[in-house]
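Student: Quick one: this structure, given as structure tokens, is what I'll be asking you about.
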Amino acid sequence: MSIADNIHRIEKELAGTAARLVVVTKTHPVEKLEEAYAAGARRFGENRPQEMAAKHPQLPADVEWHLIGQLQTNKAKLVAPFVHTVQSIDSLKLLRELDKHAAAHGRVINGLLQFHIAREETKAGLTLAEAEEILASEDFRQLQNVRLTGVMGVATFTNDEAQLRQEFKQLGGYFAQLKAGFFADQPAFCEISMGMSGDYALAVAEGSTLVRVGSAIFGSRG
Ligand SMILES: *Cc1c(COP(=O)(O)O)cnc(C)c1O
């Protein structure tokens, strides 16, 4: 199946659900991104800021760039001129840094709070208590150029459907709690980014609004 076939098949599966597709383009050369673009993809996800910054000028301006990998504060300025959403917000420090650079470019950058939902210790993300501490802080309330639009999580790498469902439910629960506690009057806080090539169907069934799919479109990254 071609890149276009894969994108069209997944778009068809998502039609009528709340979920939209983020095409994960990390490690792939620009020609493959152009192929995805020609097939209608407009949301691209990269996990390294340098790689995303290098690809960005080579693609049309209507691409929404989503950073899905860890962003060190000293790399925020690389992506601030163009990034649509940083899905991997894991500290107040990073929010402040993005806010500063976004302001310098006269922009607003969207952010998703990344939560730790997987069993693996190594997977990044906040706890609910840490997120609540950020959101309750005076520092957070001062920020004008970053806007939190939801939550993101990476589930355990497993075929165990019950485990995956439980982790997606957990992230949905975090979203609901934060929405009620901090964003009740903010319709823009609406995104639950969960689901990858191996588990996006389950994630969509559990309420995902953004699925991040790479290898099911491009093949394995080798
Ligand atoms: C690489 C990556 C994906 C896509 O993974 P696939 O299994 O190739 O679909 C999704 N989310 C994050 C955070 C990633 O790093």
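The way I read the labels, and the way they are meant: chains A, B, ... in the order of the structure tokens, residue 1 as the first residue of every chain, and ligand 1 as the first ligand shown, with later ones counted on from there.
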Give me the residues near A:Val83 as an NGL selection string, where near means some atom within 10 Å (using only C-alpha atoms) and where sequence neighbours in that chain fewer than 5 positions away do not count.
Tutor: :A and (49 or 52-53 or 56 or 63-67 or 76 or 78 or 102 or 107-111)
Student: For stretch 123-131 of chain A, work out the shell of residues within 8 Å, counting only C-alpha atoms and skipping chain neighbours fewer than 5 positions away, then give it as number ranges by chain.
Tutor: A: 88, 90, 113-118, 153-154, 174
Student: Print the selection's residues with N, CA and C atoms to a file, as a PDB file, in the first residue's frame.
Tutor:
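Produced file out-v9.pdb, reproduced below:
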ATOM      1  N   SER A  88       4.115  17.977  24.001  1.00  0.00           N
ATOM      2  CA  SER A  88       4.936  17.353  25.039  1.00  0.00           C
ATOM      3  C   SER A  88       5.295  18.326  26.158  1.00  0.00           C
ATOM      4  N   ASP A  90       5.851  19.449  29.643  1.00  0.00           N
ATOM      5  CA  ASP A  90       6.071  18.694  30.877  1.00  0.00           C
ATOM      6  C   ASP A  90       6.587  19.556  32.026  1.00  0.00           C
ATOM      7  N   LEU A 113      -0.580  19.154  27.702  1.00  0.00           N
ATOM      8  CA  LEU A 113       0.137  18.630  28.866  1.00  0.00           C
ATOM      9  C   LEU A 113       0.339  17.133  28.662  1.00  0.00           C
ATOM     10  N   GLN A 114       1.608  16.711  28.688  1.00  0.00           N
ATOM     11  CA  GLN A 114       1.878  15.282  28.504  1.00  0.00           C
ATOM     12  C   GLN A 114       1.849  14.559  29.843  1.00  0.00           C
ATOM     13  N   PHE A 115       1.056  13.486  29.884  1.00  0.00           N
ATOM     14  CA  PHE A 115       0.917  12.697  31.108  1.00  0.00           C
ATOM     15  C   PHE A 115       1.601  11.348  30.992  1.00  0.00           C
ATOM     16  N   HIS A 116       2.087  10.892  32.128  1.00  0.00           N
ATOM     17  CA  HIS A 116       2.656   9.552  32.212  1.00  0.00           C
ATOM     18  C   HIS A 116       1.514   8.574  32.448  1.00  0.00           C
ATOM     19  N   ILE A 117       1.219   7.744  31.426  1.00  0.00           N
ATOM     20  CA  ILE A 117       0.141   6.761  31.594  1.00  0.00           C
ATOM     21  C   ILE A 117       0.640   5.327  31.414  1.00  0.00           C
ATOM     22  N   ALA A 118       1.851   5.165  30.860  1.00  0.00           N
ATOM     23  CA  ALA A 118       2.357   3.822  30.551  1.00  0.00           C
ATOM     24  C   ALA A 118       2.920   3.150  31.790  1.00  0.00           C
ATOM     25  N   GLY A 153      -0.777  11.556  25.801  1.00  0.00           N
ATOM     26  CA  GLY A 153      -0.127  10.456  26.498  1.00  0.00           C
ATOM     27  C   GLY A 153       0.326   9.384  25.529  1.00  0.00           C
ATOM     28  N   VAL A 154       1.349   8.656  25.958  1.00  0.00           N
ATOM     29  CA  VAL A 154       1.858   7.510  25.199  1.00  0.00           C
ATOM     30  C   VAL A 154       1.610   6.263  26.043  1.00  0.00           C
ATOM     31  N   TYR A 174      -8.016  12.278  33.325  1.00  0.00           N
ATOM     32  CA  TYR A 174      -7.201  13.471  33.621  1.00  0.00           C
ATOM     33  C   TYR A 174      -7.754  14.674  32.862  1.00  0.00           C
TER      34      TYR A 174
END
Student: Neighbouring residues of ligand 1 are defined here as those with any atom at most 10 Å from a ligand atom, counting only C-alpha atoms and all ligand atoms; list them as a VMD selection string.
Tutor: chain A and resid 22 to 27 45 to 48 67 to 70 87 to 88 114 123 to 124 152 to 155 157 193 to 200 211 to 221
Student: Please, could you write that set of residues out with C-alpha atoms as a PDB file, in the first residue's frame?
Tutor:
ATOM      1  CA  VAL A  22      -1.450  13.608  12.947  1.00  0.00           C
ATOM      2  CA  VAL A  23       0.898  12.015  10.425  1.00  0.00           C
ATOM      3  CA  VAL A  24       4.121  11.200  12.287  1.00  0.00           C
ATOM      4  CA  THR A  25       6.922  11.986   9.851  1.00  0.00           C
ATOM      5  CA  LYS A  26       9.973  11.660  12.109  1.00  0.00           C
ATOM      6  CA  THR A  27      13.067  10.165  10.427  1.00  0.00           C
ATOM      7  CA  GLY A  45       4.232  15.270  13.937  1.00  0.00           C
ATOM      8  CA  GLU A  46       7.975  15.280  14.563  1.00  0.00           C
ATOM      9  CA  ASN A  47       9.795  14.298  17.744  1.00  0.00           C
ATOM     10  CA  ARG A  48      13.021  16.299  17.353  1.00  0.00           C
ATOM     11  CA  LEU A  67       6.067  18.536  18.227  1.00  0.00           C
ATOM     12  CA  ILE A  68       5.486  15.161  19.896  1.00  0.00           C
ATOM     13  CA  GLY A  69       8.897  14.496  21.471  1.00  0.00           C
ATOM     14  CA  GLN A  70      10.615  16.003  24.461  1.00  0.00           C
ATOM     15  CA  GLN A  87       2.211  18.090  22.516  1.00  0.00           C
ATOM     16  CA  SER A  88       4.936  17.353  25.039  1.00  0.00           C
ATOM     17  CA  GLN A 114       1.878  15.282  28.504  1.00  0.00           C
ATOM     18  CA  LYS A 123       7.996   7.078  29.267  1.00  0.00           C
ATOM     19  CA  ALA A 124       7.888  10.802  29.926  1.00  0.00           C
ATOM     20  CA  MET A 152      -1.379  13.892  25.514  1.00  0.00           C
ATOM     21  CA  GLY A 153      -0.127  10.456  26.498  1.00  0.00           C
ATOM     22  CA  VAL A 154       1.858   7.510  25.199  1.00  0.00           C
ATOM     23  CA  ALA A 155       0.487   4.121  26.242  1.00  0.00           C
ATOM     24  CA  PHE A 157       3.973  -0.820  24.178  1.00  0.00           C
ATOM     25  CA  SER A 193      -3.952  13.128  21.952  1.00  0.00           C
ATOM     26  CA  MET A 194      -3.636   9.346  22.238  1.00  0.00           C
ATOM     27  CA  GLY A 195      -3.231   6.387  19.940  1.00  0.00           C
ATOM     28  CA  MET A 196      -0.390   5.342  17.615  1.00  0.00           C
ATOM     29  CA  SER A 197      -0.082   2.847  14.750  1.00  0.00           C
ATOM     30  CA  GLY A 198      -0.663  -0.208  16.940  1.00  0.00           C
ATOM     31  CA  ASP A 199      -3.438   1.101  19.153  1.00  0.00           C
ATOM     32  CA  TYR A 200      -5.222   4.030  17.545  1.00  0.00           C
ATOM     33  CA  VAL A 211      -4.131  10.090  16.793  1.00  0.00           C
ATOM     34  CA  ARG A 212      -0.395  10.133  16.048  1.00  0.00           C
ATOM     35  CA  VAL A 213       0.329   7.590  13.328  1.00  0.00           C
ATOM     36  CA  GLY A 214       3.699   6.938  11.683  1.00  0.00           C
ATOM     37  CA  SER A 215       4.642   3.378  10.785  1.00  0.00           C
ATOM     38  CA  ALA A 216       1.117   2.387   9.679  1.00  0.00           C
ATOM     39  CA  ILE A 217       1.529   5.054   6.978  1.00  0.00           C
ATOM     40  CA  PHE A 218       5.214   4.989   6.057  1.00  0.00           C
ATOM     41  CA  GLY A 219       6.198   1.457   7.080  1.00  0.00           C
ATOM     42  CA  SER A 220       8.653   0.757   9.866  1.00  0.00           C
ATOM     43  CA  ARG A 221      11.385   3.298  10.536  1.00  0.00           C
TER      44      ARG A 221
END
Student: Write out as a PyMOL selection string the set of residues from chain A that DSSP, computed on the backbone, places in strand (DSSP E).
Tutor: chain A and resi 20-24+43-46+64-67+85-89+109-115+146-153+191-193+210-213
Student: I want to know what sits within 12 Å of A:Leu202, based on only C-alpha atoms, with residues of the same chain fewer than 6 positions away left out; could you give that as a list in words?
Tutor: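 My list of contacting residues is Glu13, Leu14, Ala19, Ala155, Asn159, Asp160, Glu161, Ala162, Gln163, Leu164, Arg165, Gln166, Glu167, Phe168, Lys169, Met194, Gly195, Met196, Ser208 and Val211 of chain A.
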Student: When distances are computed from only C-alpha atoms, which of A:Ala18, A:Leu59, A:Leu95, A:Ala176 shows the smallest separation from A:Gln142?
Tutor: A:Leu95
Student: Between atom CA of A:Leu210 and atom CA of A:Arg141, measure the distance and give it in Å to one decimal.
Tutor: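 Pair atom CA of A:Leu210 / atom CA of A:Arg141 returns 25.9 Å.
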Student: So, counting only C-alpha atoms, which residue among A:Thr149, A:Asn74, A:Ser2, A:Gln50 is closest to A:Val86?
Tutor: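 Of A:Thr149, A:Asn74, A:Ser2, A:Gln50, the one nearest A:Val86, counting only C-alpha atoms, is A:Thr149.
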Student: Step one, run DSSP on the backbone; step two, keep only residues of stretch 23-221 of chain A assigned to alpha helix (DSSP H); then write them as a ChimeraX atom specification.
Tutor: /A:30-38,49-55,76-79,92-104,128-136,138-142,161-182,200-205,215-218
Student: Give me, please, the distance in Å between atom CA of A:Gln72 and atom CA of A:His28, quoted to one decimal.
Tutor: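 One can read the atom CA of A:Gln72 to atom CA of A:His28 distance as 22.1 Å.
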Student: Which residues are near A:Ile134? Cut-off 8 Å, only C-alpha atoms, ignore same chain within fewer than 6 positions. Put them as number ranges by chain.
Tutor: A: 91-92, 140
Student: For A:His105, find every residue with an atom within 10 Å (counting only C-alpha atoms), except residues of its own chain fewer than 2 positions away, and show them as a PyMOL selection string.
Tutor: chain A and resi 80-82+99-103+107-108+145
Student: Just write the chosen residues, all heavy atoms, as a PDB file, in the first residue's frame.
Tutor:
ATOM      1  N   ALA A  80       9.646  27.876  17.891  1.00  0.00           N
ATOM      2  CA  ALA A  80       8.668  28.917  18.236  1.00  0.00           C
ATOM      3  C   ALA A  80       8.150  29.717  17.036  1.00  0.00           C
ATOM      4  O   ALA A  80       6.992  30.121  17.035  1.00  0.00           O
ATOM      5  CB  ALA A  80       9.258  29.863  19.281  1.00  0.00           C
ATOM      6  N   PRO A  81       8.957  29.945  15.981  1.00  0.00           N
ATOM      7  CA  PRO A  81       8.439  30.751  14.872  1.00  0.00           C
ATOM      8  C   PRO A  81       7.298  30.095  14.103  1.00  0.00           C
ATOM      9  O   PRO A  81       6.583  30.789  13.384  1.00  0.00           O
ATOM     10  CB  PRO A  81       9.662  30.930  13.955  1.00  0.00           C
ATOM     11  CG  PRO A  81      10.853  30.631  14.789  1.00  0.00           C
ATOM     12  CD  PRO A  81      10.389  29.648  15.831  1.00  0.00           C
ATOM     13  N   PHE A  82       7.139  28.780  14.202  1.00  0.00           N
ATOM     14  CA  PHE A  82       6.163  28.135  13.314  1.00  0.00           C
ATOM     15  C   PHE A  82       5.340  27.029  13.961  1.00  0.00           C
ATOM     16  O   PHE A  82       4.300  26.643  13.417  1.00  0.00           O
ATOM     17  CB  PHE A  82       6.889  27.567  12.080  1.00  0.00           C
ATOM     18  CG  PHE A  82       7.814  26.428  12.401  1.00  0.00           C
ATOM     19  CD1 PHE A  82       7.350  25.120  12.371  1.00  0.00           C
ATOM     20  CD2 PHE A  82       9.135  26.650  12.778  1.00  0.00           C
ATOM     21  CE1 PHE A  82       8.192  24.067  12.688  1.00  0.00           C
ATOM     22  CE2 PHE A  82       9.982  25.595  13.082  1.00  0.00           C
ATOM     23  CZ  PHE A  82       9.503  24.303  13.039  1.00  0.00           C
ATOM     24  N   ASP A  99       6.395  30.703  25.838  1.00  0.00           N
ATOM     25  CA  ASP A  99       5.643  31.956  25.889  1.00  0.00           C
ATOM     26  C   ASP A  99       6.526  33.127  25.459  1.00  0.00           C
ATOM     27  O   ASP A  99       6.116  33.971  24.658  1.00  0.00           O
ATOM     28  CB  ASP A  99       5.119  32.169  27.312  1.00  0.00           C
ATOM     29  CG  ASP A  99       4.213  33.384  27.412  1.00  0.00           C
ATOM     30  OD1 ASP A  99       3.080  33.298  26.911  1.00  0.00           O
ATOM     31  OD2 ASP A  99       4.654  34.406  27.960  1.00  0.00           O
ATOM     32  N   LYS A 100       7.733  33.146  25.987  1.00  0.00           N
ATOM     33  CA  LYS A 100       8.676  34.234  25.690  1.00  0.00           C
ATOM     34  C   LYS A 100       8.984  34.289  24.189  1.00  0.00           C
ATOM     35  O   LYS A 100       8.915  35.354  23.568  1.00  0.00           O
ATOM     36  CB  LYS A 100       9.959  33.996  26.496  1.00  0.00           C
ATOM     37  CG  LYS A 100      11.013  35.067  26.353  1.00  0.00           C
ATOM     38  CD  LYS A 100      12.227  34.777  27.226  1.00  0.00           C
ATOM     39  CE  LYS A 100      13.157  33.780  26.560  1.00  0.00           C
ATOM     40  NZ  LYS A 100      14.285  33.375  27.405  1.00  0.00           N
ATOM     41  N   HIS A 101       9.303  33.123  23.601  1.00  0.00           N
ATOM     42  CA  HIS A 101       9.669  33.114  22.181  1.00  0.00           C
ATOM     43  C   HIS A 101       8.450  33.339  21.292  1.00  0.00           C
ATOM     44  O   HIS A 101       8.560  33.980  20.241  1.00  0.00           O
ATOM     45  CB  HIS A 101      10.373  31.810  21.824  1.00  0.00           C
ATOM     46  CG  HIS A 101      11.726  31.681  22.454  1.00  0.00           C
ATOM     47  ND1 HIS A 101      12.783  32.489  22.086  1.00  0.00           N
ATOM     48  CD2 HIS A 101      12.188  30.892  23.442  1.00  0.00           C
ATOM     49  CE1 HIS A 101      13.841  32.179  22.820  1.00  0.00           C
ATOM     50  NE2 HIS A 101      13.501  31.210  23.657  1.00  0.00           N
ATOM     51  N   ALA A 102       7.298  32.824  21.699  1.00  0.00           N
ATOM     52  CA  ALA A 102       6.083  33.057  20.916  1.00  0.00           C
ATOM     53  C   ALA A 102       5.753  34.549  20.899  1.00  0.00           C
ATOM     54  O   ALA A 102       5.394  35.108  19.859  1.00  0.00           O
ATOM     55  CB  ALA A 102       4.919  32.254  21.493  1.00  0.00           C
ATOM     56  N   ALA A 103       5.915  35.198  22.044  1.00  0.00           N
ATOM     57  CA  ALA A 103       5.648  36.643  22.131  1.00  0.00           C
ATOM     58  C   ALA A 103       6.583  37.410  21.193  1.00  0.00           C
ATOM     59  O   ALA A 103       6.156  38.342  20.503  1.00  0.00           O
ATOM     60  CB  ALA A 103       5.826  37.120  23.566  1.00  0.00           C
ATOM     61  N   ARG A 107       3.107  35.505  18.180  1.00  0.00           N
ATOM     62  CA  ARG A 107       2.264  34.340  17.931  1.00  0.00           C
ATOM     63  C   ARG A 107       1.712  33.775  19.230  1.00  0.00           C
ATOM     64  O   ARG A 107       2.193  34.088  20.311  1.00  0.00           O
ATOM     65  CB  ARG A 107       3.071  33.182  17.306  1.00  0.00           C
ATOM     66  CG  ARG A 107       3.953  33.489  16.168  1.00  0.00           C
ATOM     67  CD  ARG A 107       4.588  32.203  15.626  1.00  0.00           C
ATOM     68  NE  ARG A 107       3.578  31.243  15.182  1.00  0.00           N
ATOM     69  CZ  ARG A 107       3.554  29.966  15.540  1.00  0.00           C
ATOM     70  NH1 ARG A 107       4.483  29.458  16.319  1.00  0.00           N
ATOM     71  NH2 ARG A 107       2.595  29.172  15.105  1.00  0.00           N
ATOM     72  N   VAL A 108       0.750  32.866  19.065  1.00  0.00           N
ATOM     73  CA  VAL A 108       0.293  32.034  20.176  1.00  0.00           C
ATOM     74  C   VAL A 108       0.582  30.581  19.797  1.00  0.00           C
ATOM     75  O   VAL A 108       0.258  30.135  18.693  1.00  0.00           O
ATOM     76  CB  VAL A 108      -1.212  32.225  20.450  1.00  0.00           C
ATOM     77  CG1 VAL A 108      -1.703  31.223  21.490  1.00  0.00           C
ATOM     78  CG2 VAL A 108      -1.487  33.651  20.906  1.00  0.00           C
ATOM     79  N   ASN A 145       1.076  33.964  25.569  1.00  0.00           N
ATOM     80  CA  ASN A 145       1.372  33.503  24.215  1.00  0.00           C
ATOM     81  C   ASN A 145       1.489  31.987  24.085  1.00  0.00           C
ATOM     82  O   ASN A 145       1.888  31.479  23.044  1.00  0.00           O
ATOM     83  CB  ASN A 145       2.643  34.192  23.691  1.00  0.00           C
ATOM     84  CG  ASN A 145       2.421  35.684  23.511  1.00  0.00           C
ATOM     85  OD1 ASN A 145       2.438  36.429  24.491  1.00  0.00           O
ATOM     86  ND2 ASN A 145       2.170  36.113  22.298  1.00  0.00           N
TER      87      ASN A 145
END
